[in-house]
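Participant: Just passing along the structure, written as structure tokens.
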Amino acid sequence: MSILPANPKANYLSFRSEIDEAVARVLESGYYLMGEQTALLEEEFAAHVGVAHGVGVASGTDALHLALRAAGVGAGSEVITVSHTAVATVAAIELAGAEPVFVDVDPFYYTMDPVQLDEVVTSRTKAILPVHLYGHPAPMEEIVACAQQHDLFIIEDCAQSHGAAIGDRMTGSWGHLAAFSFYPTKNLSALGDGGMIVTNDATLAQKVRHLQQYGWKERYISEMPGLNSRLDEIQAAILRVKLNHLSQDNRKRTAIAQKYTEGLAGSGVDTPNVGNQVSHVFHQYVIRTEQRDELRKQLRADDIVTLIHYPVPVHEQPAYRGRISLPVPLPHTEAIARQILSLPIYPELTTDEVDAVIGAIAAQR
Ligand SMILES: *Cc1c(COP(=O)(O)O)cnc(C)c1O
């Protein structure tokens, strides 16, 4: 039996009876979109993050795209983000009609390096879009300070950071808007696609609600050009069940991460750093080594499946290469892509499996 990098089925089985009952209730209710389950999840998830409003949408990509549009980001705007991220972050900026502008990442935490922000702000910059990559929060105090100085919006990409915090403030509560994904392998995951936008601003939340449904303020009357991006009732009901277990699932991930870090000390690979005051939720447990490709191959031979998040920075991918201007060099982004490796991590991963991974890496020395 292979050790898998993630295991959405195991998470379903952990809560099977609760999920099956919740799904059956939706099927019986006759309401499959824009119903009670979505409304309750929006309330409960916003409360979990510590903000006033949540709006369920069809995916994390849509959440980013609609958050940007609600903030007024469109043609002619620039949005500062990182190239060391899921392509979805950058795709959402272009979907909104705007131009991505990249800064490098910090070589210790792999999140946005705030030092370069001032240098890349122009008269067209409209927003900063930090990514809480792997479940480690980006340095929000510094990013907020820069945004305030230049009067910019902050839109957080929280697709990997459900439950992560700096001090007692959750990711998703620092920016004007934040976007979550509920893709099946995320820390809080649907059994299909889903996403949510959260914000403290009632006007922005209302604007997202209009945009997500054809620009309707009133049924069948479009006040602005919109689209269709809804979270469905079945996924919302499943997510409500799993939200109740999110903190416990995150504690399991953190315990696995701690075991990896202890077990890999002295093994020759770099283990993840965790910033001061930071609650890391280990969406991924990412090690770094010059021998990444050999190690990955050897682990595969031992039936341990690893992934690389991400093997090619967005600015070097065929869809973007040569098309996006780079005002500053991105040496850490480019070096990291060749050296990082994501080890298996999910709440149901067993102690024996974690030990097997540690043993296989230690045997490589
Ligand atoms: C998963 C992910 C997204 C996109 O979410 P989808 O629900 O797959 O559209 C965006 N940003 C990051 C960092 C992600 O990991």
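Residue names in the structure tokens use chain letters A, B, ... in the order shown, residue numbers from 1 in each chain, and ligand numbers from 1 in the order shown.
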How close does chain A get to ligand 1? List, as CSV, each residue of chain A within 7 Å, its nearest atom pair and the distance in Å to one decimal, counting only C-alpha atoms and all ligand atoms.
Facilitator:
residue,atom,partner,partner_atom_place_in_ligand_line,distance
A:Ser59,CA,ligand 1,7 (O),4.0
A:Gly60,CA,ligand 1,7 (O),3.5
A:Thr61,CA,ligand 1,9 (O),3.7
A:Asp62,CA,ligand 1,9 (O),6.4
A:Thr85,CA,ligand 1,13 (C),5.5
A:Ala86,CA,ligand 1,13 (C),4.8
A:Ala88,CA,ligand 1,10 (C),4.7
A:Thr89,CA,ligand 1,11 (N),4.8
A:Val131,CA,ligand 1,13 (C),6.0
A:Leu133,CA,ligand 1,13 (C),6.0
A:Asp157,CA,ligand 1,11 (N),5.9
A:Cys158,CA,ligand 1,13 (C),6.9
A:Ala159,CA,ligand 1,14 (C),4.6
A:Gln160,CA,ligand 1,15 (O),5.2
A:Ser181,CA,ligand 1,7 (O),4.2
A:Phe182,CA,ligand 1,7 (O),5.7
A:Tyr183,CA,ligand 1,7 (O),4.8
A:Asp193,CA,ligand 1,7 (O),6.0
A:Gly194,CA,ligand 1,7 (O),5.9
A:Gly195,CA,ligand 1,7 (O),5.9
Participant: Determine, counting only C-alpha atoms, which protein, DNA and RNA residues have an atom within 6 Å of an atom of stretch 35-45 of chain A; residues of the same chain fewer than 6 positions away are not included. Present the result as a ChimeraX atom specification.
Facilitator: /A:54-55,233,236-237,240
Participant: May I have the residues within 10 Å of stretch 69-76 of chain A as a PyMOL selection string, using only C-alpha atoms and disregarding those fewer than 6 positions away in the same chain?
Facilitator: chain A and resi 63+92-99+124-127+152-155+176-177+203-211+226
Participant: Given the choices A:Ser229, A:Asn200, A:Gln258, A:Asn187, which gets closest to A:Tyr214 if the distance is worked out from only C-alpha atoms?
Facilitator: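 Result for the nearest residue to A:Tyr214: A:Ser229.
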Participant: Go through A:Val87, A:Ala190, A:Ala257, A:Val328 and flag the residue nearest A:Asp113, using only C-alpha atoms for the distances.
Facilitator: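 Checking each of A:Val87, A:Ala190, A:Ala257, A:Val328 against A:Asp113, counting only C-alpha atoms, the winner is A:Val328.
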Participant: So which residues touch A:Thr289 within 10 Å, counting only C-alpha atoms, skipping near sequence neighbours fewer than 6 positions away, as a ChimeraX atom specification?
Facilitator: /A:268-271,295,336,338-341
Participant: Considering only C-alpha atoms, return as a short mmCIF file (atom, residue, chain, number, x, y, z; two decimals) with C-alpha atoms, in the first residue's frame whatever protein or nucleic-acid residues lie within 9 Å of A:Leu191, sequence-local ones (same chain, fewer than 5 positions apart) excluded.
Facilitator:
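Final output, saved to selection.cif:
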data_model
loop_
_atom_site.label_atom_id
_atom_site.label_comp_id
_atom_site.auth_asym_id
_atom_site.auth_seq_id
_atom_site.Cartn_x
_atom_site.Cartn_y
_atom_site.Cartn_z
CA PRO A 8 -9.67 13.04 0.85
CA LYS A 9 -11.46 9.69 1.12
CA TYR A 12 -14.74 11.51 4.42
CA PHE A 182 -12.64 24.08 -0.24
CA TYR A 183 -11.00 21.86 -2.87
CA PRO A 184 -11.01 18.22 -1.63
CA GLN A 235 -21.18 20.88 -0.34
CA ILE A 238 -20.65 18.64 4.16
CA LEU A 239 -18.48 21.65 4.98
#
Participant: Near A:Lys252, within 12 Å and counting only C-alpha atoms, which residues show up once chain neighbours fewer than 5 positions away are dropped, as a PyMOL selection string?
Facilitator: chain A and resi 187+245-247+257-259+280-283+345-351
